[in-house]
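Here is structure-v8.tsv, consisting of TSV, C-alpha atoms:
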```tsv
chain	number	residue	atom	x	y	z
A	1	MET	CA	-47.95	57.87	-58.83
A	2	GLU	CA	-46.94	54.63	-57.03
A	3	GLY	CA	-43.83	54.09	-59.10
A	4	TYR	CA	-42.58	54.32	-62.64
A	5	PHE	CA	-39.82	53.37	-65.03
A	6	GLU	CA	-37.65	55.79	-66.98
A	7	VAL	CA	-37.11	54.00	-70.29
A	8	HIS	CA	-33.84	54.85	-72.05
A	9	GLY	CA	-33.12	53.38	-75.46
A	10	ALA	CA	-33.78	54.19	-79.06
A	11	GLY	CA	-35.74	57.42	-79.28
A	12	ALA	CA	-36.76	59.87	-76.60
A	13	LEU	CA	-36.84	59.13	-72.88
A	14	ARG	CA	-40.20	57.63	-71.86
A	15	LEU	CA	-41.87	57.45	-68.45
A	16	VAL	CA	-43.99	54.35	-67.86
A	17	PRO	CA	-46.17	54.57	-64.71
A	18	LEU	CA	-46.85	51.45	-62.64
A	19	THR	CA	-50.58	51.80	-62.16
A	20	ALA	CA	-51.79	48.18	-62.28
A	21	ALA	CA	-50.79	45.24	-60.07
A	22	ALA	CA	-48.60	43.84	-62.85
A	23	LEU	CA	-46.72	45.08	-65.90
A	24	THR	CA	-45.36	42.86	-68.67
A	25	ILE	CA	-42.25	43.76	-70.65
A	26	GLY	CA	-41.41	42.31	-74.04
A	27	ARG	CA	-41.21	42.66	-77.79
A	28	ALA	CA	-44.87	41.77	-78.50
A	29	PRO	CA	-47.14	44.80	-78.92
A	30	GLY	CA	-49.58	43.48	-76.27
A	31	ASN	CA	-47.11	44.15	-73.43
A	32	GLU	CA	-47.61	47.18	-71.19
A	33	LEU	CA	-43.97	48.10	-71.86
A	34	THR	CA	-42.87	47.18	-75.38
A	35	VAL	CA	-39.19	47.01	-76.33
A	36	ASP	CA	-38.87	46.69	-80.11
A	37	SER	CA	-35.69	44.61	-80.50
A	38	LYS	CA	-34.87	41.09	-81.63
A	39	LEU	CA	-32.72	40.78	-78.48
A	40	VAL	CA	-35.93	40.93	-76.43
A	41	SER	CA	-38.32	37.97	-76.12
A	42	ARG	CA	-41.98	38.42	-77.01
A	43	LEU	CA	-42.87	38.11	-73.29
A	44	HIS	CA	-39.59	38.87	-71.54
A	45	ALA	CA	-40.16	39.97	-67.92
A	46	LEU	CA	-42.90	40.64	-65.38
A	47	VAL	CA	-43.07	43.42	-62.79
A	48	GLU	CA	-45.56	42.77	-59.96
A	49	ARG	CA	-46.74	44.73	-56.94
A	50	PHE	CA	-46.72	43.01	-53.56
A	51	PRO	CA	-47.32	44.52	-50.12
A	52	SER	CA	-43.53	44.68	-49.66
A	53	GLY	CA	-43.03	46.54	-52.96
A	54	TRP	CA	-42.46	45.96	-56.67
A	55	THR	CA	-40.66	42.86	-57.90
A	56	ILE	CA	-39.23	41.93	-61.30
A	57	ARG	CA	-38.93	38.42	-62.70
A	58	ASP	CA	-37.46	37.17	-65.98
A	59	LEU	CA	-39.93	34.91	-67.78
A	60	GLY	CA	-37.40	32.53	-69.32
A	61	SER	CA	-36.24	35.00	-71.95
A	62	THR	CA	-33.49	34.02	-74.38
A	63	ASN	CA	-31.10	36.86	-73.49
A	64	GLY	CA	-32.04	37.39	-69.86
A	65	THR	CA	-32.74	40.39	-67.67
A	66	ALA	CA	-30.19	42.20	-65.50
A	67	VAL	CA	-30.70	44.46	-62.47
A	68	ASN	CA	-27.79	46.73	-61.55
A	69	GLY	CA	-25.55	44.63	-63.78
A	70	SER	CA	-26.46	41.26	-62.23
A	71	ARG	CA	-28.43	38.73	-64.23
A	72	LEU	CA	-31.74	37.76	-62.63
A	73	ARG	CA	-31.96	34.16	-61.48
A	74	GLU	CA	-35.19	34.58	-59.49
A	75	ALA	CA	-37.69	37.32	-58.70
A	76	ARG	CA	-36.13	40.38	-57.08
A	77	LEU	CA	-37.50	43.30	-55.07
A	78	LEU	CA	-36.89	46.59	-56.86
A	79	ARG	CA	-35.46	49.57	-54.98
A	80	ASP	CA	-35.63	53.20	-55.99
A	81	GLY	CA	-32.92	53.86	-58.58
A	82	ASP	CA	-32.40	50.22	-59.66
A	83	ARG	CA	-31.24	49.92	-63.27
A	84	VAL	CA	-32.92	47.17	-65.30
A	85	GLU	CA	-31.40	46.03	-68.61
A	86	ILE	CA	-33.59	44.25	-71.14
A	87	GLY	CA	-31.95	43.99	-74.54
A	88	PRO	CA	-31.00	47.50	-75.68
A	89	ALA	CA	-33.43	49.13	-73.22
A	90	ARG	CA	-32.23	50.61	-69.97
A	91	LEU	CA	-34.98	51.09	-67.40
A	92	VAL	CA	-34.54	53.04	-64.19
A	93	PHE	CA	-37.05	52.18	-61.45
A	94	HIS	CA	-38.40	55.03	-59.32
A	95	ALA	CA	-40.58	54.65	-56.23
A	96	PRO	CA	-42.24	57.41	-54.20
A	97	GLY	CA	-40.09	58.36	-51.22
A	98	HIS	CA	-36.92	56.49	-50.37
A	99	LEU	CA	-35.90	53.86	-47.88
A	100	ASP	CA	-34.53	55.07	-44.56
A	101	GLY	CA	-33.54	51.58	-43.39
A	102	THR	CA	-36.75	50.79	-41.52
A	103	ARG	CA	-39.62	51.93	-43.69
A	104	THR	CA	-40.40	53.95	-46.76
A	105	VAL	CA	-40.25	57.66	-46.00
A	106	GLY	CA	-43.52	59.42	-46.74
A	107	MET	CA	-45.65	56.32	-46.26
A	108	GLU	CA	-47.83	55.63	-43.26
A	109	PRO	CA	-46.91	52.72	-41.00
A	110	PRO	CA	-49.08	49.64	-41.56
A	111	ALA	CA	-52.42	49.41	-39.83
A	112	PRO	CA	-52.64	46.89	-37.00
A	113	PRO	CA	-53.97	43.49	-37.98
A	114	PRO	CA	-57.74	42.98	-37.79
A	115	PRO	CA	-59.19	40.84	-35.00
A	116	LEU	CA	-58.97	37.17	-35.98
A	117	THR	CA	-60.71	34.08	-34.69
A	118	ARG	CA	-58.51	31.30	-33.28
A	119	ARG	CA	-58.87	29.24	-36.49
A	120	GLU	CA	-58.16	32.26	-38.73
A	121	GLN	CA	-55.01	32.96	-36.68
A	122	GLU	CA	-53.89	29.33	-37.09
A	123	LEU	CA	-54.48	29.54	-40.84
A	124	VAL	CA	-52.51	32.82	-41.07
A	125	GLU	CA	-49.59	31.24	-39.18
A	126	VAL	CA	-49.44	28.26	-41.59
A	127	LEU	CA	-50.00	30.48	-44.65
A	128	CYS	CA	-47.20	32.86	-43.64
A	129	ARG	CA	-44.68	30.27	-42.44
A	130	PRO	CA	-42.64	30.36	-45.72
A	131	TYR	CA	-42.45	34.17	-45.46
A	132	VAL	CA	-41.56	34.31	-41.77
A	133	GLU	CA	-39.00	31.48	-41.80
A	134	GLY	CA	-37.17	32.88	-44.81
A	135	GLY	CA	-35.40	30.66	-47.28
A	136	ALA	CA	-36.53	31.63	-50.76
A	137	ALA	CA	-36.46	35.32	-51.63
A	138	PHE	CA	-40.04	35.25	-52.93
A	139	PRO	CA	-41.73	32.17	-51.48
A	140	GLU	CA	-45.05	30.82	-52.64
A	141	PRO	CA	-47.79	30.33	-50.05
A	142	PRO	CA	-49.05	26.81	-49.35
A	143	SER	CA	-51.91	25.55	-51.54
A	144	VAL	CA	-55.44	25.27	-50.17
A	145	ARG	CA	-54.94	21.50	-49.95
A	146	ALA	CA	-51.66	21.89	-48.02
A	147	LEU	CA	-53.30	24.39	-45.65
A	148	GLY	CA	-56.16	21.95	-45.01
A	149	THR	CA	-53.76	19.08	-44.36
A	150	ALA	CA	-51.63	21.16	-41.97
A	151	LEU	CA	-54.70	22.30	-40.03
A	152	GLY	CA	-56.61	19.01	-40.20
A	153	VAL	CA	-59.64	20.58	-41.91
A	154	SER	CA	-61.31	20.26	-45.31
A	155	GLU	CA	-60.40	22.35	-48.32
A	156	SER	CA	-63.86	23.94	-48.23
A	157	ALA	CA	-63.25	25.03	-44.62
A	158	VAL	CA	-59.92	26.57	-45.66
A	159	LYS	CA	-61.62	28.41	-48.54
A	160	LYS	CA	-64.27	29.77	-46.14
A	161	HIS	CA	-61.61	31.04	-43.72
A	162	LEU	CA	-59.57	32.51	-46.57
A	163	ALA	CA	-62.65	34.38	-47.84
A	164	ASN	CA	-63.14	35.87	-44.35
A	165	LEU	CA	-59.45	36.81	-44.17
A	166	TYR	CA	-59.51	38.47	-47.60
A	167	ASP	CA	-62.39	40.63	-46.36
A	168	LYS	CA	-60.73	41.45	-43.04
A	169	PHE	CA	-57.46	42.46	-44.73
A	170	GLY	CA	-59.26	44.44	-47.47
A	171	LEU	CA	-58.12	42.28	-50.40
A	172	VAL	CA	-61.11	42.76	-52.67
A	173	THR	CA	-59.60	41.72	-56.00
A	174	ASN	CA	-60.16	38.14	-57.08
A	175	ASP	CA	-56.84	37.39	-58.78
A	176	ASP	CA	-54.68	34.27	-58.72
A	177	ARG	CA	-52.06	35.90	-56.44
A	178	ARG	CA	-54.50	36.71	-53.63
A	179	ARG	CA	-53.07	34.13	-51.18
A	180	SER	CA	-49.61	35.63	-51.72
A	181	ARG	CA	-50.97	39.12	-51.15
A	182	LEU	CA	-52.77	37.96	-47.98
A	183	ALA	CA	-49.59	36.39	-46.62
A	184	GLY	CA	-47.56	39.51	-47.40
A	185	GLU	CA	-50.15	41.78	-45.83
A	186	ALA	CA	-50.46	39.58	-42.73
A	187	VAL	CA	-46.69	39.64	-42.21
A	188	ARG	CA	-46.50	43.39	-42.89
A	189	ARG	CA	-49.25	44.15	-40.36
A	190	GLY	CA	-47.86	41.81	-37.72
A	191	ALA	CA	-50.57	39.15	-37.80
A	192	ALA	CA	-48.06	36.32	-38.37
A	193	GLY	CA	-44.86	35.28	-36.72
A	194	ALA	CA	-45.65	37.08	-33.50
```
The structure given in the file should be rewritten as structure tokens.
Amino acid sequence: MEGYFEVHGAGALRLVPLTAAALTIGRAPGNELTVDSKLVSRLHALVERFPSGWTIRDLGSTNGTAVNGSRLREARLLRDGDRVEIGPARLVFHAPGHLDGTRTVGMEPPAPPPPLTRREQELVEVLCRPYVEGGAAFPEPPSVRALGTALGVSESAVKKHLANLYDKFGLVTNDDRRRSRLAGEAVRRGAAGA
């Protein structure tokens, strides 16, 4: 199991595994984790998996989301043992292994980056710049148009290089967060910022 929530609230303790790339939390029955309370918005919060770990983000709920007693203002990386409060529900996040300060114990170190062409390396550097330079806690990668402008190439050329990079980094899903996942994976494996 990659991670799970202990859900404390009305009724018996529940364990909710994190098996997909995203998990929605809210009052509506269509959420992966439903909290039946009027204090909880229909679509309240989102938990997403990134190469660096699981994050939680409040989706503009009326009553907010708190982690370890602090109200969320932006997306936040979850750590093993973090307590999430959504309405009357108390969720405890659990991850496999624990952090030893440098890496997650029990997990293999990242594979080295794949061989990249000169243009692919340039694209990775521009794509990962917001992640390497810091600033926002969970930055968004540049758009295809911004990447093309920065590199002085067409959007179709950027899309072609991105497709090659997705293959090289093993990102086979075709979701809307794939550029973010590529940037995170490139940074994690040392392909950017070197």
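For the pair atom CA of A:Ser180 and atom CA of A:Thr117, the interatomic distance is 20.4 Å.
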- List every protein, DNA or RNA residue that has an atom no more than 12 Å from (-60.2, 31.1, -38.6) in the file's coordinate frame, counting only C-alpha atoms, and report them as an NGL selection string. :A and (115-127 or 147-148 or 151 or 153 or 157-166 or 168)
- Message: Using Å and a single decimal, report how far atom CA of A:Gly53 sits from atom CA of A:Ser143.
- Response: 22.8 Å
- Query: Near A:Gly64, within 12 Å and counting all atoms listed in the file, which residues show up once chain neighbours fewer than 2 positions away are dropped, as number ranges by chain?
  - Reply: A: 26, 39-41, 43-45, 57-62, 66-67, 69-74, 84-88
Just the selected residues (C-alpha atoms), exported as a PDB file, in the coordinates of the input, please.
```
ATOM      1  CA  GLY A  26     -41.410  42.310 -74.040  1.00  0.00           C
ATOM      2  CA  LEU A  39     -32.720  40.780 -78.480  1.00  0.00           C
ATOM      3  CA  VAL A  40     -35.930  40.930 -76.430  1.00  0.00           C
ATOM      4  CA  SER A  41     -38.320  37.970 -76.120  1.00  0.00           C
ATOM      5  CA  LEU A  43     -42.870  38.110 -73.290  1.00  0.00           C
ATOM      6  CA  HIS A  44     -39.590  38.870 -71.540  1.00  0.00           C
ATOM      7  CA  ALA A  45     -40.160  39.970 -67.920  1.00  0.00           C
ATOM      8  CA  ARG A  57     -38.930  38.420 -62.700  1.00  0.00           C
ATOM      9  CA  ASP A  58     -37.460  37.170 -65.980  1.00  0.00           C
ATOM     10  CA  LEU A  59     -39.930  34.910 -67.780  1.00  0.00           C
ATOM     11  CA  GLY A  60     -37.400  32.530 -69.320  1.00  0.00           C
ATOM     12  CA  SER A  61     -36.240  35.000 -71.950  1.00  0.00           C
ATOM     13  CA  THR A  62     -33.490  34.020 -74.380  1.00  0.00           C
ATOM     14  CA  ALA A  66     -30.190  42.200 -65.500  1.00  0.00           C
ATOM     15  CA  VAL A  67     -30.700  44.460 -62.470  1.00  0.00           C
ATOM     16  CA  GLY A  69     -25.550  44.630 -63.780  1.00  0.00           C
ATOM     17  CA  SER A  70     -26.460  41.260 -62.230  1.00  0.00           C
ATOM     18  CA  ARG A  71     -28.430  38.730 -64.230  1.00  0.00           C
ATOM     19  CA  LEU A  72     -31.740  37.760 -62.630  1.00  0.00           C
ATOM     20  CA  ARG A  73     -31.960  34.160 -61.480  1.00  0.00           C
ATOM     21  CA  GLU A  74     -35.190  34.580 -59.490  1.00  0.00           C
ATOM     22  CA  VAL A  84     -32.920  47.170 -65.300  1.00  0.00           C
ATOM     23  CA  GLU A  85     -31.400  46.030 -68.610  1.00  0.00           C
ATOM     24  CA  ILE A  86     -33.590  44.250 -71.140  1.00  0.00           C
ATOM     25  CA  GLY A  87     -31.950  43.990 -74.540  1.00  0.00           C
ATOM     26  CA  PRO A  88     -31.000  47.500 -75.680  1.00  0.00           C
TER      27      PRO A  88
END
```
- Task: Considering all atoms listed in the file, return as an NGL selection string whatever protein or nucleic-acid residues lie within 10 Å of A:Trp54, sequence-local ones (same chain, fewer than 4 positions apart) excluded.
- Result: :A and (2-3 or 18 or 21-22 or 47-50 or 76-80 or 93 or 95)
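Distance check against A:Gly30 using all atoms listed in the file: of A:Arg188, A:Arg42, A:Pro141, A:Phe5, the minimum falls on A:Arg42.
Compared by their closest atoms to A:Thr173, and using all atoms listed in the file, the residues A:Thr149, A:Ala186, A:Ala20, A:Ala192 rank with A:Ala20 nearest.
A straight line drawn from atom CA of A:Arg27 to atom CA of A:Asn63 is 12.4 Å long.
Among the candidates A:Asn68, A:Glu6, A:Pro51, A:Gly152, the one nearest to A:Val187 when counting all atoms listed in the file is A:Pro51.
Using all atoms listed in the file, the nearest neighbour of A:Ser156 within the list A:Gly184, A:Val144, A:Arg177, A:His94 is A:Val144.
Nearest to A:Val35 of all the residues A:Thr55, A:Ala89, A:Leu15, A:Glu140 is A:Ala89, counting all atoms listed in the file.
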Any idea what's packed within 9 Å of A:Pro112, counting all atoms listed in the file, ignoring anything in its chain fewer than 6 positions away? Could you give it as a compact mmCIF listing (two decimals) with C-alpha atoms, in the frame of the given file?
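Printed below is selection.txt as written:
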```txt
# COMPACT_ATOMS: atom_id res chain seq x y z
CA ARG A 189 -49.25 44.15 -40.36
CA GLY A 190 -47.86 41.81 -37.72
CA ALA A 191 -50.57 39.15 -37.80
```
- Counting all atoms listed in the file, the residue of A:Asp36, A:Arg178, A:Glu155, A:Tyr4 that sits nearest A:Gly81: A:Tyr4
Take every atom of stretch 48-62 of chain A listed in the file, fit an axis-aligned box around them, add 4 Å per side, and give the centre and edge lengths in Å to one decimal as lines of an AutoDock Vina configuration file.
```
center_x = -40.4
center_y = 39.5
center_z = -62.0
size_x = 21.8
size_y = 22.0
size_z = 32.7
```
